[in-house]
$ cat my_file14.pdb   # PDB, C-alpha atoms and all ligand atoms
MODEL        1
ATOM      1  CA  MET A   1     -27.626 106.600 190.043
ATOM      2  CA  ALA A   2     -27.938 105.023 186.570
ATOM      3  CA  ALA A   3     -27.504 101.229 186.335
ATOM      4  CA  PRO A   4     -24.061 100.071 185.052
ATOM      5  CA  VAL A   5     -23.942  99.430 181.305
ATOM      6  CA  ASP A   6     -23.257  95.959 179.941
ATOM      7  CA  ARG A   7     -21.106  96.678 176.866
ATOM      8  CA  ARG A   8     -22.513  93.674 174.950
ATOM      9  CA  GLU A   9     -26.065  94.624 175.753
ATOM     10  CA  LYS A  10     -28.327  95.504 172.844
ATOM     11  CA  VAL A  11     -30.742  98.169 174.009
ATOM     12  CA  LEU A  12     -33.901  99.404 172.289
ATOM     13  CA  ILE A  13     -34.928 102.922 173.288
ATOM     14  CA  LEU A  14     -38.494 103.917 172.460
ATOM     15  CA  GLY A  15     -37.898 107.584 171.799
ATOM     16  CA  GLY A  16     -39.219 110.808 170.342
ATOM     17  CA  THR A  17     -38.344 112.921 173.397
ATOM     18  CA  ALA A  18     -35.398 114.957 174.692
ATOM     19  CA  GLU A  19     -34.921 112.413 177.501
ATOM     20  CA  ALA A  20     -34.613 109.575 174.985
ATOM     21  CA  ALA A  21     -31.812 111.445 173.202
ATOM     22  CA  THR A  22     -29.984 112.003 176.509
ATOM     23  CA  ILE A  23     -30.263 108.312 177.395
ATOM     24  CA  ALA A  24     -29.040 107.270 173.922
ATOM     25  CA  ARG A  25     -26.001 109.546 174.262
ATOM     26  CA  ARG A  26     -25.143 108.189 177.715
ATOM     27  CA  LEU A  27     -25.449 104.554 176.663
ATOM     28  CA  VAL A  28     -23.519 104.982 173.395
ATOM     29  CA  GLU A  29     -20.717 106.771 175.260
ATOM     30  CA  ALA A  30     -20.642 103.863 177.719
ATOM     31  CA  GLY A  31     -20.204 101.448 174.804
ATOM     32  CA  ALA A  32     -23.672  99.852 174.596
ATOM     33  CA  ASP A  33     -25.237  98.825 171.286
ATOM     34  CA  VAL A  34     -28.197 101.202 171.040
ATOM     35  CA  VAL A  35     -31.084 101.543 168.628
ATOM     36  CA  THR A  36     -33.645 104.307 169.106
ATOM     37  CA  SER A  37     -37.106 103.790 167.674
ATOM     38  CA  LEU A  38     -39.122 106.776 166.453
ATOM     39  CA  ALA A  39     -42.781 106.719 165.467
ATOM     40  CA  GLY A  40     -42.010 108.745 162.329
ATOM     41  CA  ARG A  41     -44.185 111.746 163.174
ATOM     42  CA  THR A  42     -41.570 114.313 162.029
ATOM     43  CA  SER A  43     -40.057 114.251 158.541
ATOM     44  CA  ASN A  44     -36.518 115.309 159.557
ATOM     45  CA  PRO A  45     -35.800 114.011 163.064
ATOM     46  CA  ALA A  46     -32.714 115.453 164.786
ATOM     47  CA  PRO A  47     -29.640 113.179 164.585
ATOM     48  CA  LEU A  48     -29.222 110.773 167.515
ATOM     49  CA  PRO A  49     -26.253 108.798 168.825
ATOM     50  CA  GLY A  50     -26.464 105.100 167.960
ATOM     51  CA  ARG A  51     -28.769 103.639 165.319
ATOM     52  CA  ILE A  52     -32.293 104.778 164.495
ATOM     53  CA  ARG A  53     -35.276 102.853 163.207
ATOM     54  CA  ILE A  54     -38.494 104.614 162.196
ATOM     55  CA  GLY A  55     -42.163 103.587 162.139
ATOM     56  CA  GLY A  56     -44.644 101.510 164.130
ATOM     57  CA  PHE A  57     -43.912  97.873 164.986
ATOM     58  CA  GLY A  58     -47.435  96.598 164.425
ATOM     59  CA  GLY A  59     -48.737  96.479 167.994
ATOM     60  CA  ALA A  60     -47.340  94.574 170.970
ATOM     61  CA  GLU A  61     -46.899  91.392 168.912
ATOM     62  CA  GLY A  62     -44.900  93.298 166.288
ATOM     63  CA  LEU A  63     -42.701  94.811 168.963
ATOM     64  CA  ALA A  64     -42.177  91.389 170.592
ATOM     65  CA  ARG A  65     -41.174  90.026 167.167
ATOM     66  CA  TYR A  66     -38.734  92.909 166.631
ATOM     67  CA  ILE A  67     -37.193  92.221 170.056
ATOM     68  CA  ALA A  68     -36.718  88.522 169.260
ATOM     69  CA  GLU A  69     -35.430  89.019 165.697
ATOM     70  CA  ASN A  70     -32.929  91.685 166.731
ATOM     71  CA  GLY A  71     -31.631  90.086 169.933
ATOM     72  CA  ILE A  72     -32.721  93.055 172.092
ATOM     73  CA  ALA A  73     -31.713  92.493 175.747
ATOM     74  CA  LYS A  74     -33.516  95.455 177.269
ATOM     75  CA  VAL A  75     -36.108  98.087 176.313
ATOM     76  CA  ILE A  76     -36.110 101.621 177.686
ATOM     77  CA  ASP A  77     -39.462 103.316 177.220
ATOM     78  CA  ALA A  78     -38.521 107.012 177.067
ATOM     79  CA  THR A  79     -41.597 108.045 175.084
ATOM     80  CA  HIS A  80     -43.756 111.041 175.931
ATOM     81  CA  PRO A  81     -45.829 110.565 179.138
ATOM     82  CA  PHE A  82     -49.063 110.849 177.118
ATOM     83  CA  ALA A  83     -47.982 108.259 174.510
ATOM     84  CA  ASN A  84     -49.994 105.562 176.266
ATOM     85  CA  ARG A  85     -50.402 103.048 173.475
ATOM     86  CA  ILE A  86     -46.711 102.495 172.776
ATOM     87  CA  SER A  87     -46.013 102.281 176.541
ATOM     88  CA  GLN A  88     -48.720  99.647 176.944
ATOM     89  CA  ASN A  89     -47.313  97.770 173.925
ATOM     90  CA  ALA A  90     -43.847  97.922 175.465
ATOM     91  CA  ARG A  91     -45.113  96.386 178.726
ATOM     92  CA  LEU A  92     -46.858  93.553 176.869
ATOM     93  CA  ALA A  93     -44.014  92.928 174.404
ATOM     94  CA  CYS A  94     -41.302  92.816 177.081
ATOM     95  CA  ALA A  95     -43.432  90.412 179.124
ATOM     96  CA  MET A  96     -43.879  88.215 176.027
ATOM     97  CA  ALA A  97     -40.169  88.357 175.199
ATOM     98  CA  GLY A  98     -39.108  87.904 178.848
ATOM     99  CA  ILE A  99     -36.746  90.901 178.859
ATOM    100  CA  PRO A 100     -36.558  93.868 181.235
ATOM    101  CA  LEU A 101     -38.333  97.147 180.565
ATOM    102  CA  GLU A 102     -37.206 100.441 182.080
ATOM    103  CA  ARG A 103     -39.552 103.412 182.211
ATOM    104  CA  PRO A 104     -37.706 106.586 183.317
ATOM    105  CA  GLU A 105     -39.940 108.828 185.425
ATOM    106  CA  ARG A 106     -40.919 112.252 184.140
ATOM    107  CA  PRO A 107     -42.810 113.910 186.996
ATOM    108  CA  ALA A 108     -45.755 116.135 186.102
ATOM    109  CA  TRP A 109     -45.300 119.892 186.494
ATOM    110  CA  GLU A 110     -46.690 121.311 189.715
ATOM    111  CA  ARG A 111     -48.458 124.612 190.080
ATOM    112  CA  GLN A 112     -46.060 127.303 191.378
ATOM    113  CA  PRO A 113     -46.833 130.662 193.019
ATOM    114  CA  GLY A 114     -47.988 133.015 190.255
ATOM    115  CA  ASP A 115     -49.388 130.202 188.083
ATOM    116  CA  ASP A 116     -53.012 130.643 186.998
ATOM    117  CA  TRP A 117     -53.961 127.105 185.976
ATOM    118  CA  ILE A 118     -57.387 125.814 185.008
ATOM    119  CA  GLU A 119     -56.912 122.088 185.517
ATOM    120  CA  VAL A 120     -59.010 119.797 183.318
ATOM    121  CA  GLU A 121     -59.128 116.084 182.575
ATOM    122  CA  SER A 122     -59.576 116.000 178.827
ATOM    123  CA  LEU A 123     -59.139 117.979 175.608
ATOM    124  CA  ASP A 124     -62.936 118.404 175.354
ATOM    125  CA  GLU A 125     -62.978 119.957 178.830
ATOM    126  CA  ALA A 126     -60.072 122.192 177.830
ATOM    127  CA  ALA A 127     -61.991 123.425 174.777
ATOM    128  CA  ALA A 128     -65.073 124.127 176.921
ATOM    129  CA  ALA A 129     -62.991 126.087 179.451
ATOM    130  CA  LEU A 130     -61.992 128.814 176.953
ATOM    131  CA  PRO A 131     -63.954 132.081 177.068
ATOM    132  CA  ALA A 132     -65.414 133.520 173.864
ATOM    133  CA  GLY A 133     -62.962 135.831 172.137
ATOM    134  CA  ALA A 134     -59.862 134.154 173.620
ATOM    135  CA  ARG A 135     -56.602 134.157 171.642
ATOM    136  CA  VAL A 136     -55.327 130.694 172.428
ATOM    137  CA  PHE A 137     -51.879 129.165 172.029
ATOM    138  CA  LEU A 138     -52.521 125.434 171.548
ATOM    139  CA  ALA A 139     -49.345 123.621 172.620
ATOM    140  CA  LEU A 140     -50.621 120.268 171.382
ATOM    141  CA  GLY A 141     -49.699 117.777 168.693
ATOM    142  CA  ARG A 142     -51.692 117.863 165.471
ATOM    143  CA  GLN A 143     -53.659 114.743 166.392
ATOM    144  CA  HIS A 144     -55.124 116.608 169.420
ATOM    145  CA  LEU A 145     -56.490 119.718 167.727
ATOM    146  CA  ALA A 146     -59.917 118.476 166.599
ATOM    147  CA  ALA A 147     -61.536 119.048 170.019
ATOM    148  CA  PHE A 148     -61.036 122.819 169.541
ATOM    149  CA  GLU A 149     -62.392 123.169 165.999
ATOM    150  CA  SER A 150     -65.967 123.835 167.176
ATOM    151  CA  ARG A 151     -64.748 126.942 169.067
ATOM    152  CA  THR A 152     -65.312 129.271 166.138
ATOM    153  CA  ASP A 153     -65.474 132.157 168.630
ATOM    154  CA  CYS A 154     -61.752 131.868 169.501
ATOM    155  CA  HIS A 155     -58.517 132.601 167.611
ATOM    156  CA  PHE A 156     -55.975 129.760 167.729
ATOM    157  CA  VAL A 157     -52.213 129.792 167.327
ATOM    158  CA  VAL A 158     -50.716 126.377 166.585
ATOM    159  CA  ARG A 159     -47.039 125.452 166.416
ATOM    160  CA  MET A 160     -45.899 122.477 164.338
ATOM    161  CA  VAL A 161     -42.511 121.060 163.393
ATOM    162  CA  ASP A 162     -43.658 120.078 159.876
ATOM    163  CA  PRO A 163     -46.325 121.899 157.859
ATOM    164  CA  PRO A 164     -49.735 120.190 157.833
ATOM    165  CA  GLU A 165     -50.785 118.377 154.648
ATOM    166  CA  LYS A 166     -54.086 120.259 154.508
ATOM    167  CA  PRO A 167     -55.378 123.455 156.133
ATOM    168  CA  LEU A 168     -56.333 123.059 159.793
ATOM    169  CA  GLY A 169     -60.007 122.867 160.717
ATOM    170  CA  PHE A 170     -60.186 126.128 162.718
ATOM    171  CA  ALA A 171     -62.322 129.093 161.669
ATOM    172  CA  ASP A 172     -59.535 131.512 162.629
ATOM    173  CA  TYR A 173     -55.907 130.528 163.246
ATOM    174  CA  ASP A 174     -52.207 131.245 162.754
ATOM    175  CA  LEU A 175     -49.688 128.509 162.126
ATOM    176  CA  ILE A 176     -46.107 128.740 163.384
ATOM    177  CA  LEU A 177     -43.527 126.292 162.088
ATOM    178  CA  GLY A 178     -40.921 125.374 164.690
ATOM    179  CA  LYS A 179     -40.185 123.583 167.933
ATOM    180  CA  PRO A 180     -41.013 124.635 171.479
ATOM    181  CA  SER A 181     -38.241 126.575 173.199
ATOM    182  CA  ALA A 182     -37.057 125.790 176.718
ATOM    183  CA  ASP A 183     -36.275 129.530 177.035
ATOM    184  CA  PRO A 184     -39.191 131.357 178.725
ATOM    185  CA  GLU A 185     -38.123 134.670 177.151
ATOM    186  CA  GLU A 186     -38.498 133.266 173.636
ATOM    187  CA  GLU A 187     -41.869 131.752 174.473
ATOM    188  CA  ALA A 188     -43.031 135.021 176.082
ATOM    189  CA  ASP A 189     -41.983 136.986 172.961
ATOM    190  CA  LEU A 190     -44.059 134.630 170.835
ATOM    191  CA  PHE A 191     -47.103 134.953 173.123
ATOM    192  CA  ARG A 192     -46.796 138.742 173.068
ATOM    193  CA  ALA A 193     -46.413 138.876 169.284
ATOM    194  CA  HIS A 194     -49.649 136.898 168.859
ATOM    195  CA  ARG A 195     -51.490 138.726 171.696
ATOM    196  CA  ILE A 196     -52.168 135.377 173.373
ATOM    197  CA  THR A 197     -54.681 135.413 176.241
ATOM    198  CA  HIS A 198     -54.722 131.651 177.078
ATOM    199  CA  LEU A 199     -52.304 128.726 176.809
ATOM    200  CA  VAL A 200     -53.606 125.173 176.433
ATOM    201  CA  CYS A 201     -51.214 122.298 177.064
ATOM    202  CA  ARG A 202     -50.965 118.821 178.532
ATOM    203  CA  ASN A 203     -49.093 118.263 181.782
ATOM    204  CA  SER A 204     -46.146 116.550 180.122
ATOM    205  CA  GLY A 205     -43.551 117.468 182.735
ATOM    206  CA  GLY A 206     -39.879 117.759 181.779
ATOM    207  CA  GLU A 207     -37.650 120.723 181.036
ATOM    208  CA  ALA A 208     -37.950 120.931 177.255
ATOM    209  CA  GLY A 209     -41.583 122.105 177.351
ATOM    210  CA  TYR A 210     -41.445 124.122 180.578
ATOM    211  CA  GLY A 211     -40.434 127.397 178.877
ATOM    212  CA  LYS A 212     -44.046 128.087 177.878
ATOM    213  CA  ILE A 213     -45.296 127.515 181.439
ATOM    214  CA  VAL A 214     -42.799 130.026 182.866
ATOM    215  CA  ALA A 215     -43.657 132.453 180.056
ATOM    216  CA  ALA A 216     -47.379 132.209 180.888
ATOM    217  CA  ARG A 217     -46.603 132.859 184.576
ATOM    218  CA  LYS A 218     -44.516 135.886 183.655
ATOM    219  CA  LEU A 219     -47.270 137.314 181.430
ATOM    220  CA  GLU A 220     -50.010 136.332 183.946
ATOM    221  CA  LEU A 221     -51.809 134.242 181.323
ATOM    222  CA  PRO A 222     -54.269 131.523 182.371
ATOM    223  CA  VAL A 223     -53.109 128.031 181.426
ATOM    224  CA  VAL A 224     -55.682 125.345 180.657
ATOM    225  CA  MET A 225     -53.709 122.322 181.844
ATOM    226  CA  VAL A 226     -54.841 118.869 180.747
ATOM    227  CA  GLY A 227     -53.875 116.349 183.437
ATOM    228  CA  ARG A 228     -52.322 112.952 182.829
ATOM    229  CA  ALA A 229     -54.587 109.988 182.264
ATOM    230  CA  ALA A 230     -55.263 108.092 185.475
TER     231      ALA A 230
HETATM  232  N1  LIG B 301     -41.301 115.250 172.307
HETATM  233  C1  LIG B 301     -42.568 115.438 172.535
HETATM  234  O1  LIG B 301     -42.976 116.457 173.104
HETATM  235  C2  LIG B 301     -43.546 114.421 172.108
HETATM  236  C3  LIG B 301     -44.874 114.699 172.278
HETATM  237  C4  LIG B 301     -45.771 113.723 171.892
HETATM  238  C5  LIG B 301     -45.294 112.557 171.345
HETATM  239  N2  LIG B 301     -43.965 112.335 171.188
HETATM  240  C6  LIG B 301     -43.467 111.080 170.619
HETATM  241  O2  LIG B 301     -44.214 110.805 169.455
HETATM  242  C7  LIG B 301     -44.466 109.412 169.372
HETATM  243  C8  LIG B 301     -45.929 109.147 169.079
HETATM  244  O3  LIG B 301     -46.728 109.629 170.157
HETATM  245  P1  LIG B 301     -48.246 109.171 170.268
HETATM  246  O4  LIG B 301     -48.844 109.913 171.419
HETATM  247  O5  LIG B 301     -48.879 109.195 168.926
HETATM  248  O6  LIG B 301     -48.023 107.642 170.696
HETATM  249  P2  LIG B 301     -49.069 106.445 170.968
HETATM  250  O7  LIG B 301     -50.456 106.925 170.763
HETATM  251  O8  LIG B 301     -48.711 105.827 172.254
HETATM  252  O9  LIG B 301     -48.652 105.421 169.814
HETATM  253  C9  LIG B 301     -49.425 105.183 168.666
HETATM  254  C10 LIG B 301     -48.676 104.203 167.800
HETATM  255  O10 LIG B 301     -47.532 104.830 167.219
HETATM  256  C11 LIG B 301     -46.453 103.911 167.173
HETATM  257  N3  LIG B 301     -45.356 104.451 167.999
HETATM  258  C12 LIG B 301     -45.426 105.374 168.998
HETATM  259  N4  LIG B 301     -44.218 105.654 169.471
HETATM  260  C13 LIG B 301     -43.351 104.890 168.771
HETATM  261  C14 LIG B 301     -41.943 104.753 168.788
HETATM  262  N5  LIG B 301     -41.163 105.478 169.633
HETATM  263  N6  LIG B 301     -41.379 103.869 167.916
HETATM  264  C15 LIG B 301     -42.152 103.168 167.053
HETATM  265  N7  LIG B 301     -43.478 103.263 166.990
HETATM  266  C16 LIG B 301     -44.080 104.130 167.832
HETATM  267  C17 LIG B 301     -46.969 102.597 167.677
HETATM  268  O11 LIG B 301     -47.440 101.893 166.514
HETATM  269  P3  LIG B 301     -47.442 100.284 166.443
HETATM  270  O12 LIG B 301     -48.547  99.850 167.330
HETATM  271  O13 LIG B 301     -47.649 100.007 164.985
HETATM  272  O14 LIG B 301     -46.092  99.833 166.937
HETATM  273  C18 LIG B 301     -48.124 103.011 168.557
HETATM  274  O15 LIG B 301     -49.095 102.003 168.721
HETATM  275  C19 LIG B 301     -43.967 108.772 170.661
HETATM  276  O16 LIG B 301     -42.784 108.069 170.351
HETATM  277  C20 LIG B 301     -43.683 109.927 171.589
HETATM  278  O17 LIG B 301     -42.552 109.731 172.411
HETATM  279  C21 LIG B 301     -43.095 113.254 171.562
ENDMDL
END

$ encode --input "my_file14.pdb" --output "structure tokens" --more "lines below"
Ligand SMILES: NC(=O)c1ccc[n+]([C@@H]2O[C@H](COP(=O)([O-])OP(=O)(O)OC[C@H]3O[C@@H](n4cnc5c(N)ncnc54)[C@H](OP(=O)(O)O)[C@@H]3O)[C@@H](O)[C@H]2O)c1
Amino acid sequence: MAAPVDRREKVLILGGTAEAATIARRLVEAGADVVTSLAGRTSNPAPLPGRIRIGGFGGAEGLARYIAENGIAKVIDATHPFANRISQNARLACAMAGIPLERPERPAWERQPGDDWIEVESLDEAAAALPAGARVFLALGRQHLAAFESRTDCHFVVRMVDPPEKPLGFADYDLILGKPSADPEEEADLFRAHRITHLVCRNSGGEAGYGKIVAARKLELPVVMVGRAA
């Protein structure tokens, strides 16, 4: 059960995920003073309950300064499970500021009957695991694509929320503008339309990104699954 909300409490949510939006809604409805922080990776972020601030803090020290200057009583780190730097900064900053830090759990996905997963530890390993001639859906943020650029023998399909500033570095690719769908049918339609043979993704866990995993199972596609950092 969620902890009771102190109505005077000023809470900083480190966000950028569906879970962060859910937490913001719950806390605002309970009367807390909430500010969600976004890294600023998307140009038009979806509206959120409470206030929003955008952009980096300037490391752990910057975050500790923000906490002190804004009278933050608690930080909730609801960032993506692979966003390790901001989570580390949050741990350091909250220790420096002497305030509590909550980190909601987002369990990793587990292989289900019918899943054909090739489990790897890194993006480089994922790139090496693809067979020549594969048509690959890369369900990865733009900062994680470089490891695949040397695979000039594969076709890549990349989905982004905002268009890239310059062409991507792949020899052969299609770009789709949009967000992942939690609906496996929609994801399966997309995979079919692009004649996808392999899905590459990170084991983020959570419901919002699970549609593609179910779609791959349904279409019997191999999934190159990058595990979470130890
Ligand atoms: N919804 C998704 O599927 C999804 C997927 C990936 C990432 N994300 C979100 O995108 C953001 C960036 O991810 P990343 O992997 O690049 O993170 P990262 O490597 O851990 O963070 C890099 C730097 O970006 C800034 N930053 C990250 N998250 C921030 C936040 N919520 N508010 C303010 N500054 C933030 C920090 O800069 P300073 O050191 O200057 O403070 C941090 O040092 C995260 O907030 C994450 O939750 C969402």

$ resolve_selection --input "my_file14.pdb" --expression "the PyMOL selection byres (((not hetatm)) within 7 of (chain B and resi 301))" --output "ChimeraX atom specification"
/A:14-18,37-39,41,54-60,62-63,78-80,82-87,89,141

$ atom_distance --input "my_file14.pdb" --atom1 "CA of Pro131 (chain A)" --atom2 "CA of Glu187 (chain A)"
22.2 Å

$ resolve_selection --input "my_file14.pdb" --expression "the PyMOL selection byres (((chain A and resi 23) around 10) and not hetatm)" --output "number ranges by chain"
A: 13, 15, 18-22, 24-29, 34, 36, 49, 76, 78, 104

$ closest_residue --input "my_file14.pdb" --among "A:Arg202, A:Arg51, A:Arg192, A:Lys218" --to "Leu140 (chain A)" --atoms "only C-alpha atoms"
A:Arg202

$ closest_residue --input "my_file14.pdb" --among "A:Gln88, A:Lys179, A:Arg217, A:Phe148" --to "Glu125 (chain A)" --atoms "only C-alpha atoms"
A:Phe148

$ closest_residue --input "my_file14.pdb" --among "A:Gln143, A:Asp183, A:Asp77, A:Phe191" --to "Gly169 (chain A)" --atoms "all atoms listed in the file"
A:Gln143

$ atom_distance --input "my_file14.pdb" --atom1 "CA of Ala193 (chain A)" --atom2 "CA of Val157 (chain A)"
11.0 Å

$ closest_residue --input "my_file14.pdb" --among "A:Ala93, A:Ala46, A:Met225, A:Asp172" --to "Ala127 (chain A)" --atoms "only C-alpha atoms"
A:Met225

$ build_atoms --input "my_file14.pdb" --residues "region 24-47 of chain A" --atoms "N, CA, C and O atoms" --output "compact mmCIF listing (two decimals), in the coordinates of the input"
# COMPACT_ATOMS: atom_id res chain seq x y z
N ALA A 24 -29.79 107.87 175.03
CA ALA A 24 -29.04 107.27 173.92
C ALA A 24 -27.58 107.72 173.98
O ALA A 24 -26.66 106.91 173.84
N ARG A 25 -27.37 109.01 174.21
CA ARG A 25 -26.00 109.55 174.26
C ARG A 25 -25.22 108.87 175.39
O ARG A 25 -24.10 108.40 175.19
N ARG A 26 -25.83 108.78 176.56
CA ARG A 26 -25.14 108.19 177.72
C ARG A 26 -24.77 106.73 177.45
O ARG A 26 -23.64 106.30 177.71
N LEU A 27 -25.70 105.98 176.89
CA LEU A 27 -25.45 104.55 176.66
C LEU A 27 -24.41 104.34 175.56
O LEU A 27 -23.55 103.47 175.68
N VAL A 28 -24.49 105.13 174.50
CA VAL A 28 -23.52 104.98 173.40
C VAL A 28 -22.12 105.32 173.91
O VAL A 28 -21.15 104.61 173.64
N GLU A 29 -22.03 106.39 174.71
CA GLU A 29 -20.72 106.77 175.26
C GLU A 29 -20.17 105.68 176.16
O GLU A 29 -18.96 105.47 176.26
N ALA A 30 -21.07 104.94 176.82
CA ALA A 30 -20.64 103.86 177.72
C ALA A 30 -20.37 102.57 176.94
O ALA A 30 -19.98 101.56 177.53
N GLY A 31 -20.58 102.59 175.63
CA GLY A 31 -20.20 101.45 174.80
C GLY A 31 -21.33 100.47 174.50
O GLY A 31 -21.08 99.40 173.92
N ALA A 32 -22.56 100.78 174.87
CA ALA A 32 -23.67 99.85 174.60
C ALA A 32 -24.07 99.92 173.12
O ALA A 32 -23.76 100.89 172.42
N ASP A 33 -24.73 98.89 172.66
CA ASP A 33 -25.24 98.82 171.29
C ASP A 33 -26.68 99.32 171.34
O ASP A 33 -27.56 98.64 171.88
N VAL A 34 -26.92 100.52 170.81
CA VAL A 34 -28.20 101.20 171.04
C VAL A 34 -28.95 101.45 169.73
O VAL A 34 -28.36 101.92 168.76
N VAL A 35 -30.22 101.12 169.73
CA VAL A 35 -31.08 101.54 168.63
C VAL A 35 -32.27 102.31 169.21
O VAL A 35 -32.88 101.86 170.18
N THR A 36 -32.49 103.51 168.67
CA THR A 36 -33.65 104.31 169.11
C THR A 36 -34.74 104.15 168.07
O THR A 36 -34.51 104.27 166.87
N SER A 37 -35.95 103.91 168.55
CA SER A 37 -37.11 103.79 167.67
C SER A 37 -37.94 105.06 167.74
O SER A 37 -38.28 105.54 168.82
N LEU A 38 -38.26 105.60 166.56
CA LEU A 38 -39.12 106.78 166.45
C LEU A 38 -40.40 106.39 165.73
O LEU A 38 -40.37 105.55 164.82
N ALA A 39 -41.50 107.04 166.10
CA ALA A 39 -42.78 106.72 165.47
C ALA A 39 -42.82 107.19 164.02
O ALA A 39 -43.59 106.66 163.22
N GLY A 40 -42.02 108.22 163.69
CA GLY A 40 -42.01 108.74 162.33
C GLY A 40 -42.96 109.91 162.16
O GLY A 40 -43.42 110.19 161.06
N ARG A 41 -43.24 110.62 163.25
CA ARG A 41 -44.18 111.75 163.17
C ARG A 41 -43.55 112.99 162.54
O ARG A 41 -44.25 113.81 162.00
N THR A 42 -42.22 113.14 162.64
CA THR A 42 -41.57 114.31 162.03
C THR A 42 -40.74 113.85 160.84
O THR A 42 -40.15 112.76 160.86
N SER A 43 -40.70 114.69 159.79
CA SER A 43 -40.06 114.25 158.54
C SER A 43 -38.53 114.30 158.64
O SER A 43 -37.85 113.53 157.97
N ASN A 44 -37.98 115.21 159.44
CA ASN A 44 -36.52 115.31 159.56
C ASN A 44 -36.10 115.24 161.02
O ASN A 44 -35.72 116.26 161.59
N PRO A 45 -36.14 114.06 161.64
CA PRO A 45 -35.80 114.01 163.06
C PRO A 45 -34.34 114.41 163.30
O PRO A 45 -33.50 114.18 162.43
N ALA A 46 -34.08 115.04 164.45
CA ALA A 46 -32.71 115.45 164.79
C ALA A 46 -31.83 114.21 164.88
O ALA A 46 -32.29 113.14 165.28
N PRO A 47 -30.54 114.34 164.50
CA PRO A 47 -29.64 113.18 164.58
C PRO A 47 -29.51 112.68 166.03
O PRO A 47 -29.60 113.48 166.97
